[in-house]
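Dumped start_21.txt below, it's compact mmCIF, C-alpha atoms:
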```
# COMPACT_ATOMS: atom_id res chain seq x y z
CA MET O 1 114.72 -138.12 72.63
CA THR O 2 111.09 -137.99 71.59
CA VAL O 3 109.20 -140.65 69.65
CA GLU O 4 109.08 -138.22 66.72
CA GLU O 5 112.85 -137.80 66.81
CA LEU O 6 113.33 -141.58 66.90
CA ILE O 7 111.07 -141.95 63.87
CA GLY O 8 113.04 -139.16 62.18
CA LYS O 9 116.25 -141.18 62.43
CA GLY O 10 114.77 -143.52 59.82
CA ILE O 11 116.21 -146.67 61.36
CA PHE O 12 112.86 -148.31 62.09
CA GLN O 13 109.86 -148.90 59.83
CA VAL O 14 106.82 -147.02 61.00
CA VAL O 15 103.86 -149.39 61.21
CA VAL O 16 101.56 -147.03 63.14
CA GLU O 17 102.18 -143.45 64.21
CA GLY O 18 100.67 -142.94 67.65
CA ASP O 19 98.73 -139.99 69.01
CA ASP O 20 101.52 -138.40 70.98
CA LEU O 21 104.80 -138.26 69.09
CA SER O 22 106.17 -135.66 71.50
CA ARG O 23 106.52 -138.29 74.23
CA GLU O 24 110.01 -138.50 75.62
CA ILE O 25 111.71 -141.92 75.51
CA THR O 26 113.58 -142.26 78.77
CA GLY O 27 114.66 -145.91 78.62
CA ILE O 28 114.43 -149.23 76.82
CA PHE O 29 112.73 -152.43 77.92
CA CYS O 30 113.13 -155.84 76.23
CA CYS O 31 110.79 -158.75 76.94
CA ASP O 32 108.35 -161.04 75.16
CA LEU O 33 106.39 -162.32 78.13
CA LEU O 34 103.47 -159.94 78.37
CA SER O 35 102.85 -160.37 82.09
CA VAL O 36 106.48 -159.58 82.82
CA ALA O 37 106.37 -156.58 80.51
CA MET O 38 103.13 -155.49 82.14
CA GLY O 39 104.70 -155.39 85.58
CA ARG O 40 108.17 -154.23 84.67
CA ALA O 41 108.16 -152.05 81.55
CA PRO O 42 108.78 -148.49 82.76
CA SER O 43 106.33 -145.91 81.49
CA MET O 44 107.92 -143.76 78.79
CA SER O 45 110.21 -146.60 77.70
CA ALA O 46 110.68 -147.99 74.19
CA TRP O 47 109.54 -151.61 74.48
CA VAL O 48 111.35 -154.03 72.17
CA THR O 49 109.62 -157.37 71.58
CA VAL O 50 108.90 -160.00 68.93
CA MET O 51 105.33 -160.43 70.16
CA GLY O 52 103.11 -158.72 67.59
CA ASN O 53 99.60 -159.63 68.67
CA VAL O 54 96.69 -157.54 69.89
CA ASN O 55 97.59 -158.12 73.53
CA THR O 56 100.96 -156.42 72.99
CA ILE O 57 99.07 -153.20 72.34
CA ALA O 58 96.89 -153.68 75.42
CA VAL O 59 100.01 -154.07 77.56
CA ALA O 60 101.70 -151.09 75.87
CA THR O 61 98.67 -148.93 76.61
CA LEU O 62 98.24 -150.02 80.19
CA ALA O 63 101.95 -149.91 81.07
CA ASP O 64 102.03 -146.54 79.29
CA VAL O 65 105.20 -147.13 77.27
CA ALA O 66 106.33 -144.48 74.78
CA CYS O 67 106.41 -146.83 71.79
CA VAL O 68 106.65 -150.50 70.78
CA ILE O 69 109.44 -151.78 68.52
CA LEU O 70 108.86 -155.17 66.89
CA ALA O 71 112.26 -156.79 66.31
CA GLU O 72 113.38 -159.81 64.22
CA ASN O 73 111.03 -158.82 61.42
CA ALA O 74 108.08 -159.89 63.57
CA GLN O 75 104.92 -158.95 61.71
CA PRO O 76 102.02 -157.46 63.62
CA ASP O 77 98.76 -159.17 62.77
CA ASP O 78 95.88 -157.07 61.43
CA MET O 79 94.17 -156.85 64.78
CA CYS O 80 97.38 -155.67 66.44
CA ARG O 81 97.78 -152.95 63.82
CA ALA O 82 94.14 -151.88 64.14
CA ARG O 83 94.31 -151.78 67.95
CA ALA O 84 97.50 -149.69 67.82
CA GLN O 85 95.71 -147.18 65.60
CA GLN O 86 92.65 -147.17 67.81
CA GLN O 87 94.66 -146.72 71.01
CA GLY O 88 97.13 -144.26 69.49
CA VAL O 89 100.18 -146.42 70.21
CA THR O 90 103.30 -145.88 68.09
CA LEU O 91 104.33 -149.22 66.56
CA LEU O 92 107.72 -149.52 64.87
CA ALA O 93 109.42 -152.53 63.27
CA THR O 94 112.87 -153.71 62.29
CA GLU O 95 114.66 -156.76 60.91
CA GLU O 96 117.32 -156.37 63.60
CA PRO O 97 117.39 -158.78 66.56
CA VAL O 98 116.05 -157.53 69.90
CA PHE O 99 119.47 -156.67 71.37
CA GLU O 100 120.69 -154.71 68.36
CA ALA O 101 117.41 -152.80 68.07
CA ALA O 102 117.51 -151.91 71.76
CA LEU O 103 121.19 -150.95 71.54
CA LYS O 104 120.46 -148.52 68.72
CA VAL O 105 117.82 -146.77 70.79
CA HIS O 106 120.14 -146.79 73.82
CA GLN O 107 122.92 -145.15 71.78
CA LEU O 108 120.52 -142.51 70.48
CA ILE O 109 119.32 -141.69 73.99
CA HIS O 110 122.68 -141.77 75.72
CA GLY O 111 124.97 -140.73 72.86
CA MET I 1 84.49 -136.01 92.10
CA ALA I 2 81.31 -137.66 93.33
CA ASP I 3 81.64 -139.68 96.53
CA VAL I 4 81.74 -143.06 94.80
CA ILE I 5 81.68 -143.84 91.09
CA ALA I 6 80.87 -147.47 90.33
CA LEU I 7 81.69 -149.14 87.01
CA THR I 8 80.84 -152.70 85.99
CA TYR I 9 82.18 -154.84 83.17
CA GLU I 10 81.20 -158.28 81.88
CA ILE I 11 84.27 -160.31 80.88
CA SER I 12 83.83 -162.88 78.10
CA PRO I 13 85.62 -166.21 78.43
CA ASP I 14 88.28 -167.24 75.88
CA ASP I 15 88.25 -163.91 74.06
CA PHE I 16 91.84 -162.69 74.08
CA THR I 17 91.15 -160.03 71.50
CA ARG I 18 88.91 -158.17 73.95
CA ALA I 19 91.01 -158.73 77.05
CA GLY I 20 92.20 -155.37 78.26
CA GLU I 21 89.18 -153.38 77.08
CA ALA I 22 87.74 -153.05 80.58
CA SER I 23 91.12 -152.06 82.03
CA SER I 24 91.62 -149.49 79.24
CA ASP I 25 88.20 -148.02 79.92
CA VAL I 26 88.91 -147.74 83.64
CA LYS I 27 92.25 -146.15 82.86
CA SER I 28 90.67 -143.43 80.72
CA LYS I 29 87.91 -142.78 83.27
CA LEU I 30 90.48 -142.41 86.07
CA LYS I 31 92.36 -139.93 83.90
CA GLN I 32 89.15 -137.94 83.42
CA VAL I 33 88.53 -137.64 87.15
CA GLY I 34 92.10 -136.54 87.81
CA VAL I 35 93.64 -139.58 89.52
CA SER I 36 97.46 -139.46 89.59
CA PRO I 37 99.33 -141.27 86.78
CA ALA I 38 101.14 -143.46 89.35
CA ALA I 39 97.86 -144.72 90.83
CA ILE I 40 96.35 -145.18 87.36
CA ARG I 41 99.29 -147.37 86.34
CA LYS I 42 98.86 -149.55 89.43
CA VAL I 43 95.14 -150.00 88.81
CA ALA I 44 95.64 -150.64 85.09
CA ILE I 45 98.30 -153.34 85.66
CA ALA I 46 96.43 -155.10 88.46
CA MET I 47 93.10 -155.05 86.67
CA TYR I 48 94.51 -156.21 83.32
CA GLU I 49 96.20 -159.17 85.01
CA GLY I 50 92.91 -160.02 86.66
CA GLU I 51 91.04 -159.64 83.40
CA ILE I 52 93.50 -161.95 81.62
CA ASN I 53 93.15 -164.53 84.40
CA MET I 54 89.38 -164.46 83.98
CA VAL I 55 89.78 -165.07 80.24
CA ILE I 56 92.42 -167.82 80.57
CA HIS I 57 91.32 -169.76 83.62
CA ALA I 58 87.74 -168.88 84.39
CA LYS I 59 84.56 -168.83 82.40
CA GLY I 60 84.55 -165.05 82.31
CA GLY I 61 82.83 -163.07 85.00
CA LYS I 62 82.15 -159.58 86.25
CA ILE I 63 84.44 -156.76 87.34
CA THR I 64 83.18 -153.95 89.52
CA VAL I 65 85.33 -150.88 90.07
CA GLU I 66 84.48 -148.39 92.79
CA ILE I 67 86.25 -145.06 92.67
CA SER I 68 86.12 -142.88 95.78
CA PRO I 69 88.29 -139.94 96.82
CA GLU I 70 90.23 -142.25 99.16
CA GLU I 71 90.71 -145.42 97.10
CA ILE I 72 89.98 -147.47 94.03
CA ARG I 73 88.45 -150.85 94.80
CA MET I 74 88.35 -153.57 92.12
CA ILE I 75 86.17 -156.63 92.66
CA LEU I 76 86.71 -159.43 90.15
CA ALA I 77 84.20 -162.24 90.42
CA ASP I 78 84.62 -165.16 88.02
CA ARG I 79 82.58 -168.30 87.32
CA GLY I 80 85.08 -170.98 88.21
CA PRO I 81 86.85 -173.36 88.43
CA GLY I 82 88.33 -171.97 91.67
CA ILE I 83 91.97 -172.07 92.82
CA PRO I 84 92.96 -175.38 94.53
CA ASN I 85 96.05 -173.96 96.26
CA VAL I 86 96.11 -170.19 96.65
CA GLU I 87 99.57 -170.13 98.24
CA GLN I 88 101.04 -171.97 95.26
CA ALA I 89 99.15 -169.77 92.80
CA MET I 90 100.64 -166.69 94.46
CA GLN I 91 104.23 -167.87 93.80
CA ALA I 92 105.91 -165.99 90.95
CA GLY I 93 106.49 -168.40 88.07
CA TRP I 94 103.76 -170.90 89.02
CA SER I 95 101.39 -171.27 86.09
CA THR I 96 98.71 -173.66 84.88
CA ALA I 97 98.15 -171.79 81.61
CA PRO I 98 97.86 -174.00 78.49
CA ASP I 99 100.46 -173.86 75.68
CA GLU I 100 98.22 -171.86 73.35
CA VAL I 101 98.04 -169.13 75.99
CA ARG I 102 101.82 -169.20 76.44
CA SER I 103 102.30 -168.73 72.71
CA LEU I 104 100.43 -165.42 73.04
CA GLY I 105 102.96 -164.22 75.60
CA PHE I 106 101.05 -165.01 78.76
CA GLY I 107 101.36 -167.82 81.27
CA ALA I 108 104.59 -166.67 82.92
CA GLY I 109 103.06 -167.15 86.36
CA MET I 110 103.21 -163.43 87.08
CA GLY I 111 99.49 -162.64 87.17
CA LEU I 112 98.59 -162.93 90.84
CA PRO I 113 102.05 -161.76 92.04
CA ASN I 114 101.73 -158.64 89.84
CA MET I 115 98.24 -158.00 91.19
CA LYS I 116 99.52 -158.16 94.76
CA LYS I 117 102.60 -156.08 93.99
CA TYR I 118 100.65 -153.24 92.42
CA THR I 119 97.86 -152.94 94.95
CA ASP I 120 97.80 -151.89 98.59
CA ASN I 121 95.44 -154.65 99.60
CA MET I 122 94.36 -157.87 97.92
CA SER I 123 92.13 -160.68 99.13
CA ILE I 124 91.14 -163.92 97.42
CA GLU I 125 87.99 -165.89 98.13
CA THR I 126 87.77 -169.08 96.16
CA GLU I 127 85.60 -172.17 96.07
CA LEU I 128 86.38 -175.13 93.83
CA GLY I 129 83.82 -175.61 91.11
CA VAL I 130 82.08 -172.34 91.96
CA GLY I 131 84.44 -169.43 91.36
CA THR I 132 86.92 -166.94 92.68
CA THR I 133 86.40 -163.39 93.85
CA ILE I 134 89.46 -161.18 94.12
CA THR I 135 89.19 -157.79 95.76
CA MET I 136 92.02 -155.32 95.24
CA VAL I 137 92.42 -151.82 96.64
CA VAL I 138 94.71 -149.03 95.48
CA LYS I 139 94.81 -146.18 97.98
CA LEU I 140 94.82 -142.63 96.64
```

Before anything else, please render the file you have as C-alpha cells.
Amino acid sequence: MTVEELIGKGIFQVVVEGDDLSREITGIFCCDLLSVAMGRAPSMSAWVTVMGNVNTIAVATLADVACVILAENAQPDDMCRARAQQQGVTLLATEEPVFEAALKVHQLIHG
Amino acid sequence: MADVIALTYEISPDDFTRAGEASSDVKSKLKQVGVSPAAIRKVAIAMYEGEINMVIHAKGGKITVEISPEEIRMILADRGPGIPNVEQAMQAGWSTAPDEVRSLGFGAGMGLPNMKKYTDNMSIETELGVGTTITMVVKL
C-alpha cells in the first residue's frame, strides 16, 4: 500500500502531505524514544508515535520512513509542521491510541 | 566522484531545533554522488546520534565528513566536558541526559551504541574538561 492509498482511506487526518506519496509502506514501527526509532525504524515503514516535535521529523527523514502517524491526538508543534513541509515528510494524525492506529495500518497492508 | 570530498559543519550547543540539519545535508549530498541507500542510512543514523550528543552533552563543536570512493569518514570534535567512563557510556541504556532532554524523546542511552552499530569502525578520544573526538567510518 502506498502513502497515497493510506491517505485515501480517510482514517487519518492529513497534517502534511509529503513529497513522495507513491512510497510503498512495507511495515509499521511504534516507538516514542527517538534514538530507538532512529536505530530501529525500518525504512519504508509507517512510524506511529505520540512525539510531535521537530526532532521527530529529523528522525523520520534520516531513518527514511514512509510516513509518520501521530497517535493519541498528539499535536505537532508549529516547528514540527514546518519542518515536515520543508523536508517533504508525510505527517498524519489520529485520536486513536498507538496500538489501534498501528493495527489499522497493519490490517490495510496485510488484509 | 572526486577522490575525496570534505564537508564541515559547526554544531551549536543547546539548539535542538537545528539538530539534524548537518546529517540531513550529508544525506542529500551522498544521494547526489550516488552512494547506496543502505550506506546513506548508516551514515545518517550514526551522524545524527553524534550531532544530538554534541547538542545535549557538549558545548557544540565541529563535524568533518570525508567522502571517498572507498569510505565515508565522520570526525566529530566537541568542546567538552569529556566522557569519564567510555565503557559505561557505550552500554545500551546508560544515559546522563537531563529530564528536559528526555521529554523530547532522547536520552534512552542508545546514542553511542547506535553509532557503533551502524558504522564499520568507531574510535573515541576523550579528555575530561577538554572534549571528545569521535571518528566513525562507513565502508562503501

Could you list, with a cut-off of 6 Å and counting only C-alpha atoms, the residues of chain O near chain I, each shown with its nearest atom pair and the distance in Å rounded to one decimal, rows sorted by chain and ascending number, as a Markdown table?
```
| residue | atom | partner | partner_atom | distance |
| --- | --- | --- | --- | --- |
| O:Leu33 | CA | I:Gly105 | CA | 4.7 |
| O:Leu34 | CA | I:Gly105 | CA | 5.1 |
| O:Ser35 | CA | I:Met110 | CA | 5.9 |
| O:Ala58 | CA | I:Gly20 | CA | 5.7 |
| O:Leu62 | CA | I:Ala44 | CA | 5.6 |
```

**Report entry** Who sits within 8 Å of Ala101 (chain O), all atoms listed in the file, same chain under 5 positions skipped, as a PyMOL selection string
**Finding:** chain O and resi 48+71+94+96

**Report entry** Straight-line distance linking CA of Gly82 (chain I) with CA of Ile57 (chain O), stated in Å to one decimal
**Finding:** 29.0 Å

Requested in this report: May I ask for the distance between CA of Leu21 (chain O) and CA of Ala22 (chain I), given in Å to one decimal place?
Outcome: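 Atom-to-atom, CA of Leu21 (chain O) and CA of Ala22 (chain I) are spaced 25.3 Å apart.
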
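For Val105 (chain O), the residues within 9 Å (counting all atoms listed in the file, excluding itself and residues fewer than 2 positions away along the chain) are Leu6, Gly27, Ile28, Ala46, Glu100, Ala101, Ala102, Leu103, Gln107, Leu108, Ile109 and His110 of chain O.
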
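Distances from O:Ile7, O:Ala60, O:Val54, O:Cys31 to Asp78 (chain O) were compared using only C-alpha atoms, and the smallest one belongs to O:Val54.
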
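Protein, DNA and RNA residues at most 10 Å from (93.6, -152.8, 67.2), with only C-alpha atoms, are these: O:Asn53, O:Val54, O:Asn55, O:Ile57, O:Ala58, O:Asp77, O:Asp78, O:Met79, O:Cys80, O:Arg81, O:Ala82, O:Arg83, O:Ala84, O:Gln85, O:Gln86, O:Gln87, O:Gly88, O:Val89, I:Thr17, I:Arg18.
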
Could you save the residues just selected, with C-alpha atoms, as an mmCIF file, in the coordinates of the input?
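The file below, part_28.cif, is the result:
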```cif
data_model
loop_
_atom_site.group_PDB
_atom_site.id
_atom_site.type_symbol
_atom_site.label_atom_id
_atom_site.label_comp_id
_atom_site.auth_asym_id
_atom_site.auth_seq_id
_atom_site.Cartn_x
_atom_site.Cartn_y
_atom_site.Cartn_z
ATOM 1 C CA ASN O 53 99.600 -159.630 68.670
ATOM 2 C CA VAL O 54 96.690 -157.540 69.890
ATOM 3 C CA ASN O 55 97.590 -158.120 73.530
ATOM 4 C CA ILE O 57 99.070 -153.200 72.340
ATOM 5 C CA ALA O 58 96.890 -153.680 75.420
ATOM 6 C CA ASP O 77 98.760 -159.170 62.770
ATOM 7 C CA ASP O 78 95.880 -157.070 61.430
ATOM 8 C CA MET O 79 94.170 -156.850 64.780
ATOM 9 C CA CYS O 80 97.380 -155.670 66.440
ATOM 10 C CA ARG O 81 97.780 -152.950 63.820
ATOM 11 C CA ALA O 82 94.140 -151.880 64.140
ATOM 12 C CA ARG O 83 94.310 -151.780 67.950
ATOM 13 C CA ALA O 84 97.500 -149.690 67.820
ATOM 14 C CA GLN O 85 95.710 -147.180 65.600
ATOM 15 C CA GLN O 86 92.650 -147.170 67.810
ATOM 16 C CA GLN O 87 94.660 -146.720 71.010
ATOM 17 C CA GLY O 88 97.130 -144.260 69.490
ATOM 18 C CA VAL O 89 100.180 -146.420 70.210
ATOM 19 C CA THR I 17 91.150 -160.030 71.500
ATOM 20 C CA ARG I 18 88.910 -158.170 73.950
#
```

**Report entry** Computed interatomic separation between CA of Ile83 (chain I) and CA of Glu71 (chain I) (Å)
**Finding:** 27.0 Å

Query raised in the report: When distances are computed from only C-alpha atoms, which of I:Gly34, I:Gly129, I:Gly80, I:Gly50 shows the smallest separation from Leu112 (chain I)?
Result: I:Gly50

Requested in this report: Select all residues near (95.0, -146.5, 100.2) (cut-off 7 Å, inclusive, file coordinates), counting all atoms listed in the file, and output them as a list in words.
Outcome: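 Using all atoms listed in the file, the matching residues come out as Glu70, Glu71, Asp120, Val137, Val138, Lys139 and Leu140 of chain I.
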
Query raised in the report: Leaving out Val130 (chain I) and any residue of its chain fewer than 3 positions from it, which residues lie within 9 Å of it when counting all atoms listed in the file, given as a ChimeraX atom specification?
Result: /I:78-82,126-127

Print the selection's residues with C-alpha atoms to a file, as an mmCIF file, keeping the file's coordinate frame.
```
data_model
loop_
_atom_site.group_PDB
_atom_site.id
_atom_site.type_symbol
_atom_site.label_atom_id
_atom_site.label_comp_id
_atom_site.auth_asym_id
_atom_site.auth_seq_id
_atom_site.Cartn_x
_atom_site.Cartn_y
_atom_site.Cartn_z
ATOM 1 C CA ASP I 78 84.620 -165.160 88.020
ATOM 2 C CA ARG I 79 82.580 -168.300 87.320
ATOM 3 C CA GLY I 80 85.080 -170.980 88.210
ATOM 4 C CA PRO I 81 86.850 -173.360 88.430
ATOM 5 C CA GLY I 82 88.330 -171.970 91.670
ATOM 6 C CA THR I 126 87.770 -169.080 96.160
ATOM 7 C CA GLU I 127 85.600 -172.170 96.070
#
```

**Report entry** Residues near Leu76 (chain I), cut-off 9 Å, all atoms listed in the file, skip fewer than 3 positions along chain, as a list of chain:residue names
**Finding:**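 Selected residues are I:Met47, I:Gly50, I:Glu51, I:Met54, I:Gly61, I:Lys62, I:Ile63, I:Thr64, I:Val65, I:Thr132, I:Thr133, I:Ile134, I:Thr135, I:Met136.
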